[in-house]
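Chemist: Below is the structure I would like to discuss, written out as structure tokens.
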Protein chains: 2
Amino acid sequence: MTMQELDSIGFLLGSTYRRVSNMFAARLKEYDITPEQWGILYYVCAQEGMNQKELATYAYKDQPTTARILDVLHRKGLIQKEIDRHDRRAFLVYPNEAGRELMKKVHALEAQHNEEMTKLITPEHMEQLSQLLHELRSRLEPS
Amino acid sequence: MTMQELDSIGFLLGSTYRRVSNMFAARLKEYDITPEQWGILYYVCAQEGMNQKELATYAYKDQPTTARILDVLHRKGLIQKEIDRHDRRAFLVYPNEAGRELMKKVHALEAQHNEEMTKLITPEHMEQLSQLLHELRSRLEPS
DNA sequence: TAATTATAATTGCATTAACAACTAATTATC
DNA sequence: GATAATTAGTTGTTAATGCAATTATAATTA
């Protein structure tokens, strides 16, 4: 008797995510950055001067998680924060030169990594997968 | 100018996974168990008497993570461990009565949750998504 | 204007996770 | 049978996460 595998979408998403993420993490090691840190850095560079809340929304993370990842990026000298003159509760986040450079390098590495993923299944399947994930995610509310 | 979203499969998997998982976690709260603890408990019950390494393989987790989740389940009185007579390095894991009962209840809850997910997209799309995830995961090596 | 409500960010606590280093027991090899 | 290599499990460190509670500021409303 073979065992009945746990067949739930959440379990499947989690286990697949971890494998993809770990593989990417291994590649990123040479740049001393994690996939999650990279995700935030990307958005900091994609639109400079966003505040933490906006970054959290784009990155699909909650505010404390985003703040803590921003702290790491700050410690690493990749970004800087400036107080928002119009709202002293908030600060605006900017990449500095090291951050912009790293962003470009890692962006290229990521493109490479995505290509490799696409070689594992067909490009058509990868496109389908991507669309289905977008579809599902868009219908789920943030917790 | 709208921002260019980070369009990588890993980011998409992670953000979708977290939303699905958080939603399920909220439902599980009444049973005082997390989705990850549930995943391990499921396999403990699906085939009683496996050791930690086997459980880790089925659950797509590494050994330390599996061990720590087993510790939690043990503290909660849901499982028990017995030394493997044929290999004194290993122990075999069994559910106890409370574990079996909780497993059944949560399994039903999970079926409900999966149905709800399937209502968000179509059943056909959910089936496609599931197949594509299985396909991708099967081609990724464990880290 | 004063009091209330809402919001941006922070802090604390608990969970899951990856990875490396370690211990103890088993298996393989000489 | 002794030594070496492998394997099951544990421990320590660091990171990402969720959620709840808190602080400071801003916006609303009485």
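Just so we're on the same page: first chain in the structure tokens is A, next is B, and so on; residues restart at 1 for each chain, and ligands are numbered from 1 in the order they show up.
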May I have the residues of chain D within 10 Å of chain B, counting only C-alpha atoms (C1' of nucleotides), written as a PyMOL selection string?

Modeler: chain D and resi 7-11+17-18

Chemist: Using only C-alpha atoms and a cut-off of 6 Å, which residues of chain B sit close to chain A? Please list them as a list in words.

Modeler: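 Per the criterion, chain B yields Gly10, Leu13, Gly14, Ser15, Thr16, Tyr17, Val20, Ser21, Tyr60 and Arg137 of chain B.
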
Chemist: Just to be explicit: take each residue in the selection above, keep N, CA and C atoms, and write the result as a compact mmCIF listing (two decimals), in the first residue's frame.

Modeler:
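Saved the output as out37.txt:
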# COMPACT_ATOMS: atom_id res chain seq x y z
N GLY B 10 9.51 32.56 -8.40
CA GLY B 10 9.72 32.37 -6.96
C GLY B 10 8.94 33.38 -6.13
N LEU B 13 5.25 32.49 -6.38
CA LEU B 13 4.94 31.32 -5.55
C LEU B 13 4.87 31.71 -4.08
N GLY B 14 5.85 32.49 -3.63
CA GLY B 14 5.92 32.86 -2.23
C GLY B 14 4.73 33.69 -1.80
N SER B 15 4.40 34.70 -2.59
CA SER B 15 3.30 35.59 -2.20
C SER B 15 1.96 34.86 -2.23
N THR B 16 1.80 33.98 -3.20
CA THR B 16 0.54 33.22 -3.28
C THR B 16 0.46 32.22 -2.13
N TYR B 17 1.57 31.53 -1.90
CA TYR B 17 1.62 30.57 -0.79
C TYR B 17 1.25 31.21 0.54
N VAL B 20 -2.52 31.91 0.83
CA VAL B 20 -3.30 30.69 1.01
C VAL B 20 -3.08 30.13 2.42
N SER B 21 -1.81 30.09 2.81
CA SER B 21 -1.46 29.52 4.10
C SER B 21 -2.04 30.32 5.26
N TYR B 60 8.41 17.23 2.62
CA TYR B 60 9.24 18.21 1.90
C TYR B 60 9.85 19.22 2.85
N ARG B 137 7.71 20.94 -9.16
CA ARG B 137 8.35 20.47 -7.93
C ARG B 137 9.13 19.17 -8.15

Chemist: After a least-squares superposition on chain A using every in-order C-alpha pair, I'd like chain B written out as a PDB file with C-alpha atoms, in the first residue's frame.

Modeler:
ATOM      1  CA  MET B   1       0.114  -0.071  -0.005  1.00  0.00           C
ATOM      2  CA  THR B   2       1.490   3.306  -1.094  1.00  0.00           C
ATOM      3  CA  MET B   3       0.797   6.247   1.073  1.00  0.00           C
ATOM      4  CA  GLN B   4      -1.834   8.792   0.288  1.00  0.00           C
ATOM      5  CA  GLU B   5      -0.002  12.063  -0.294  1.00  0.00           C
ATOM      6  CA  LEU B   6      -1.290  15.236   1.228  1.00  0.00           C
ATOM      7  CA  ASP B   7      -2.959  16.811  -1.740  1.00  0.00           C
ATOM      8  CA  SER B   8      -3.829  20.344  -0.787  1.00  0.00           C
ATOM      9  CA  ILE B   9      -3.038  23.437  -2.755  1.00  0.00           C
ATOM     10  CA  GLY B  10      -1.397  25.141   0.219  1.00  0.00           C
ATOM     11  CA  PHE B  11       0.974  22.273   0.903  1.00  0.00           C
ATOM     12  CA  LEU B  12       1.831  22.020  -2.782  1.00  0.00           C
ATOM     13  CA  LEU B  13       2.474  25.759  -3.042  1.00  0.00           C
ATOM     14  CA  GLY B  14       4.667  25.750   0.057  1.00  0.00           C
ATOM     15  CA  SER B  15       6.821  22.799  -0.912  1.00  0.00           C
ATOM     16  CA  THR B  16       7.295  24.068  -4.458  1.00  0.00           C
ATOM     17  CA  TYR B  17       8.030  27.594  -3.270  1.00  0.00           C
ATOM     18  CA  ARG B  18      10.700  26.430  -0.853  1.00  0.00           C
ATOM     19  CA  ARG B  19      12.531  24.424  -3.481  1.00  0.00           C
ATOM     20  CA  VAL B  20      12.497  27.264  -5.994  1.00  0.00           C
ATOM     21  CA  SER B  21      13.472  29.790  -3.359  1.00  0.00           C
ATOM     22  CA  ASN B  22      16.303  27.677  -1.929  1.00  0.00           C
ATOM     23  CA  MET B  23      17.745  27.179  -5.380  1.00  0.00           C
ATOM     24  CA  PHE B  24      17.690  30.907  -6.034  1.00  0.00           C
ATOM     25  CA  ALA B  25      19.104  31.618  -2.577  1.00  0.00           C
ATOM     26  CA  ALA B  26      22.112  29.431  -3.358  1.00  0.00           C
ATOM     27  CA  ARG B  27      22.842  31.516  -6.459  1.00  0.00           C
ATOM     28  CA  LEU B  28      22.411  34.749  -4.547  1.00  0.00           C
ATOM     29  CA  LYS B  29      24.931  33.752  -1.925  1.00  0.00           C
ATOM     30  CA  GLU B  30      27.810  35.314  -3.832  1.00  0.00           C
ATOM     31  CA  TYR B  31      26.083  38.694  -3.510  1.00  0.00           C
ATOM     32  CA  ASP B  32      25.356  38.268   0.198  1.00  0.00           C
ATOM     33  CA  ILE B  33      21.646  38.845  -0.205  1.00  0.00           C
ATOM     34  CA  THR B  34      18.555  36.646   0.249  1.00  0.00           C
ATOM     35  CA  PRO B  35      15.630  36.277  -2.153  1.00  0.00           C
ATOM     36  CA  GLU B  36      13.397  38.236   0.226  1.00  0.00           C
ATOM     37  CA  GLN B  37      15.896  41.065   0.612  1.00  0.00           C
ATOM     38  CA  TRP B  38      16.220  41.130  -3.144  1.00  0.00           C
ATOM     39  CA  GLY B  39      12.449  41.430  -3.534  1.00  0.00           C
ATOM     40  CA  ILE B  40      12.347  44.515  -1.347  1.00  0.00           C
ATOM     41  CA  LEU B  41      15.452  46.049  -2.919  1.00  0.00           C
ATOM     42  CA  TYR B  42      13.863  45.592  -6.324  1.00  0.00           C
ATOM     43  CA  TYR B  43      10.838  47.683  -5.363  1.00  0.00           C
ATOM     44  CA  VAL B  44      12.935  50.315  -3.636  1.00  0.00           C
ATOM     45  CA  CYS B  45      14.727  50.803  -6.951  1.00  0.00           C
ATOM     46  CA  ALA B  46      11.680  50.350  -9.187  1.00  0.00           C
ATOM     47  CA  GLN B  47      10.102  53.427  -7.675  1.00  0.00           C
ATOM     48  CA  GLU B  48      12.333  55.482  -5.473  1.00  0.00           C
ATOM     49  CA  GLY B  49      10.892  57.352  -2.539  1.00  0.00           C
ATOM     50  CA  MET B  50       8.099  55.029  -1.525  1.00  0.00           C
ATOM     51  CA  ASN B  51       7.333  54.647   2.140  1.00  0.00           C
ATOM     52  CA  GLN B  52       7.343  51.383   4.033  1.00  0.00           C
ATOM     53  CA  LYS B  53       3.637  50.775   3.742  1.00  0.00           C
ATOM     54  CA  GLU B  54       3.677  51.143  -0.027  1.00  0.00           C
ATOM     55  CA  LEU B  55       6.682  48.867  -0.296  1.00  0.00           C
ATOM     56  CA  ALA B  56       4.946  46.287   1.857  1.00  0.00           C
ATOM     57  CA  THR B  57       1.921  46.318  -0.428  1.00  0.00           C
ATOM     58  CA  TYR B  58       3.970  45.791  -3.560  1.00  0.00           C
ATOM     59  CA  ALA B  59       6.085  43.092  -1.969  1.00  0.00           C
ATOM     60  CA  TYR B  60       3.057  41.236  -0.564  1.00  0.00           C
ATOM     61  CA  LYS B  61       4.510  41.391   2.908  1.00  0.00           C
ATOM     62  CA  ASP B  62       3.199  42.841   6.135  1.00  0.00           C
ATOM     63  CA  GLN B  63       4.626  46.053   7.551  1.00  0.00           C
ATOM     64  CA  PRO B  64       6.788  44.623  10.333  1.00  0.00           C
ATOM     65  CA  THR B  65       8.374  42.088   7.984  1.00  0.00           C
ATOM     66  CA  THR B  66       9.030  44.779   5.402  1.00  0.00           C
ATOM     67  CA  ALA B  67      10.485  47.094   8.031  1.00  0.00           C
ATOM     68  CA  ARG B  68      12.881  44.452   9.293  1.00  0.00           C
ATOM     69  CA  ILE B  69      14.084  43.582   5.814  1.00  0.00           C
ATOM     70  CA  LEU B  70      14.565  47.299   5.138  1.00  0.00           C
ATOM     71  CA  ASP B  71      16.671  47.433   8.311  1.00  0.00           C
ATOM     72  CA  VAL B  72      18.920  44.729   6.918  1.00  0.00           C
ATOM     73  CA  LEU B  73      19.262  46.516   3.587  1.00  0.00           C
ATOM     74  CA  HIS B  74      20.078  49.687   5.484  1.00  0.00           C
ATOM     75  CA  ARG B  75      22.730  47.962   7.606  1.00  0.00           C
ATOM     76  CA  LYS B  76      24.249  46.617   4.408  1.00  0.00           C
ATOM     77  CA  GLY B  77      24.434  50.138   3.045  1.00  0.00           C
ATOM     78  CA  LEU B  78      22.152  49.461   0.114  1.00  0.00           C
ATOM     79  CA  ILE B  79      19.373  51.931   0.898  1.00  0.00           C
ATOM     80  CA  GLN B  80      18.721  55.110   2.820  1.00  0.00           C
ATOM     81  CA  LYS B  81      15.650  56.589   4.479  1.00  0.00           C
ATOM     82  CA  GLU B  82      14.483  60.168   4.598  1.00  0.00           C
ATOM     83  CA  ILE B  83      11.755  61.622   6.732  1.00  0.00           C
ATOM     84  CA  ASP B  84       8.668  62.506   4.717  1.00  0.00           C
ATOM     85  CA  ARG B  85       8.262  66.277   5.118  1.00  0.00           C
ATOM     86  CA  HIS B  86       4.545  66.035   4.524  1.00  0.00           C
ATOM     87  CA  ASP B  87       3.980  63.256   7.046  1.00  0.00           C
ATOM     88  CA  ARG B  88       6.398  63.017   9.908  1.00  0.00           C
ATOM     89  CA  ARG B  89       5.174  59.521  10.788  1.00  0.00           C
ATOM     90  CA  ALA B  90       6.529  58.176   7.523  1.00  0.00           C
ATOM     91  CA  PHE B  91       9.878  58.009   5.820  1.00  0.00           C
ATOM     92  CA  LEU B  92      10.741  57.635   2.176  1.00  0.00           C
ATOM     93  CA  VAL B  93      13.118  54.959   1.012  1.00  0.00           C
ATOM     94  CA  TYR B  94      15.812  55.437  -1.623  1.00  0.00           C
ATOM     95  CA  PRO B  95      18.506  53.133  -2.941  1.00  0.00           C
ATOM     96  CA  ASN B  96      22.018  54.431  -2.767  1.00  0.00           C
ATOM     97  CA  GLU B  97      24.646  53.740  -5.376  1.00  0.00           C
ATOM     98  CA  ALA B  98      25.645  50.331  -3.996  1.00  0.00           C
ATOM     99  CA  GLY B  99      21.961  49.358  -3.926  1.00  0.00           C
ATOM    100  CA  ARG B 100      21.372  50.332  -7.518  1.00  0.00           C
ATOM    101  CA  GLU B 101      24.393  48.427  -8.693  1.00  0.00           C
ATOM    102  CA  LEU B 102      23.460  45.320  -6.757  1.00  0.00           C
ATOM    103  CA  MET B 103      19.925  45.566  -8.083  1.00  0.00           C
ATOM    104  CA  LYS B 104      21.120  45.428 -11.680  1.00  0.00           C
ATOM    105  CA  LYS B 105      23.444  42.501 -11.059  1.00  0.00           C
ATOM    106  CA  VAL B 106      20.849  40.490  -9.196  1.00  0.00           C
ATOM    107  CA  HIS B 107      18.156  41.317 -11.724  1.00  0.00           C
ATOM    108  CA  ALA B 108      20.316  39.704 -14.390  1.00  0.00           C
ATOM    109  CA  LEU B 109      20.955  36.702 -12.171  1.00  0.00           C
ATOM    110  CA  GLU B 110      17.243  36.368 -11.578  1.00  0.00           C
ATOM    111  CA  ALA B 111      16.478  36.401 -15.291  1.00  0.00           C
ATOM    112  CA  GLN B 112      18.972  33.572 -15.635  1.00  0.00           C
ATOM    113  CA  HIS B 113      17.350  31.669 -12.813  1.00  0.00           C
ATOM    114  CA  ASN B 114      13.893  32.110 -14.321  1.00  0.00           C
ATOM    115  CA  GLU B 115      15.176  30.769 -17.614  1.00  0.00           C
ATOM    116  CA  GLU B 116      16.469  27.702 -15.868  1.00  0.00           C
ATOM    117  CA  MET B 117      13.121  27.165 -14.180  1.00  0.00           C
ATOM    118  CA  THR B 118      11.477  27.463 -17.580  1.00  0.00           C
ATOM    119  CA  LYS B 119      13.749  24.746 -18.911  1.00  0.00           C
ATOM    120  CA  LEU B 120      12.460  22.372 -16.267  1.00  0.00           C
ATOM    121  CA  ILE B 121       8.951  22.546 -17.634  1.00  0.00           C
ATOM    122  CA  THR B 122       8.036  24.020 -21.024  1.00  0.00           C
ATOM    123  CA  PRO B 123       7.797  27.789 -21.597  1.00  0.00           C
ATOM    124  CA  GLU B 124       4.087  27.302 -22.277  1.00  0.00           C
ATOM    125  CA  HIS B 125       3.599  25.501 -18.988  1.00  0.00           C
ATOM    126  CA  MET B 126       5.576  28.146 -17.150  1.00  0.00           C
ATOM    127  CA  GLU B 127       3.402  30.838 -18.674  1.00  0.00           C
ATOM    128  CA  GLN B 128       0.259  28.954 -17.694  1.00  0.00           C
ATOM    129  CA  LEU B 129       1.554  28.438 -14.172  1.00  0.00           C
ATOM    130  CA  SER B 130       2.351  32.105 -13.845  1.00  0.00           C
ATOM    131  CA  GLN B 131      -1.095  33.135 -15.035  1.00  0.00           C
ATOM    132  CA  LEU B 132      -2.864  30.707 -12.736  1.00  0.00           C
ATOM    133  CA  LEU B 133      -0.856  31.909  -9.739  1.00  0.00           C
ATOM    134  CA  HIS B 134      -1.645  35.529 -10.575  1.00  0.00           C
ATOM    135  CA  GLU B 135      -5.283  34.608 -10.895  1.00  0.00           C
ATOM    136  CA  LEU B 136      -5.462  32.805  -7.574  1.00  0.00           C
ATOM    137  CA  ARG B 137      -3.428  35.407  -5.701  1.00  0.00           C
ATOM    138  CA  SER B 138      -5.554  38.257  -7.006  1.00  0.00           C
ATOM    139  CA  ARG B 139      -8.639  36.622  -5.534  1.00  0.00           C
ATOM    140  CA  LEU B 140      -7.133  36.125  -2.100  1.00  0.00           C
ATOM    141  CA  GLU B 141      -7.305  38.939   0.372  1.00  0.00           C
ATOM    142  CA  PRO B 142      -4.281  40.014   2.337  1.00  0.00           C
ATOM    143  CA  SER B 143      -4.452  38.607   5.846  1.00  0.00           C
TER     144      SER B 143
END

Chemist: Select residues of chain C: the criterion is any atom within 9 Å of an atom of chain B, counting only C-alpha atoms (C1' of nucleotides); output as a ChimeraX atom specification.

Modeler: /C:15-18,24-26

Chemist: Going by DSSP on the backbone, which bits of chain B are strand (DSSP E or B)? Write them as a list of chain:residue names, please.

Modeler: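 DSSP-assigned strand (DSSP E or B) residues in chain B: B:Met50, B:Asn51, B:Ile79, B:Gln80, B:Lys81, B:Glu82, B:Ile83, B:Phe91, B:Leu92, B:Val93, B:Tyr94, B:Pro95.
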
Chemist: What does the distance from atom C1' of DA20 of chain D to atom C1' of DT5 of chain C come to in Å, to one decimal?

Modeler: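 Taking atom C1' of DA20 of chain D as the start and atom C1' of DT5 of chain C as the end point, the length is 19.2 Å.
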
Chemist: At a cut-off of 9 Å, using only C-alpha atoms (C1' of nucleotides), what residues contact DA30 of chain D? Leave out same-chain residues fewer than 2 positions from it and give the result as a PDB file with C-alpha atoms (C1' of nucleotides), in the first residue's frame.

Modeler:
ATOM      1  C1'  DA C   2     -10.633  69.718  21.814  1.00  0.00           C
ATOM      2  C1'  DA C   3     -11.499  65.104  21.565  1.00  0.00           C
ATOM      3  C1'  DT C   4     -11.776  61.136  18.822  1.00  0.00           C
TER       4       DT C   4
END

Chemist: Just to confirm, what's the straight-line distance from atom C1' of DA6 of chain C to atom C1' of DA21 of chain D in Å (one decimal)?

Modeler: 16.1 Å

Chemist: Give me, as an MDAnalysis selection string, the residues of chain A that a backbone DSSP run labels alpha helix (DSSP H).

Modeler: chainID A and resid 9:28 35:46 52:59 63:75 97:120 123:138

Chemist: So how far away is atom C1' of DT3 of chain D from atom C1' of DA28 of chain C, in Å?

Modeler: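 For atom C1' of DA28 of chain C relative to atom C1' of DT3 of chain D, the distance reads 10.3 Å.
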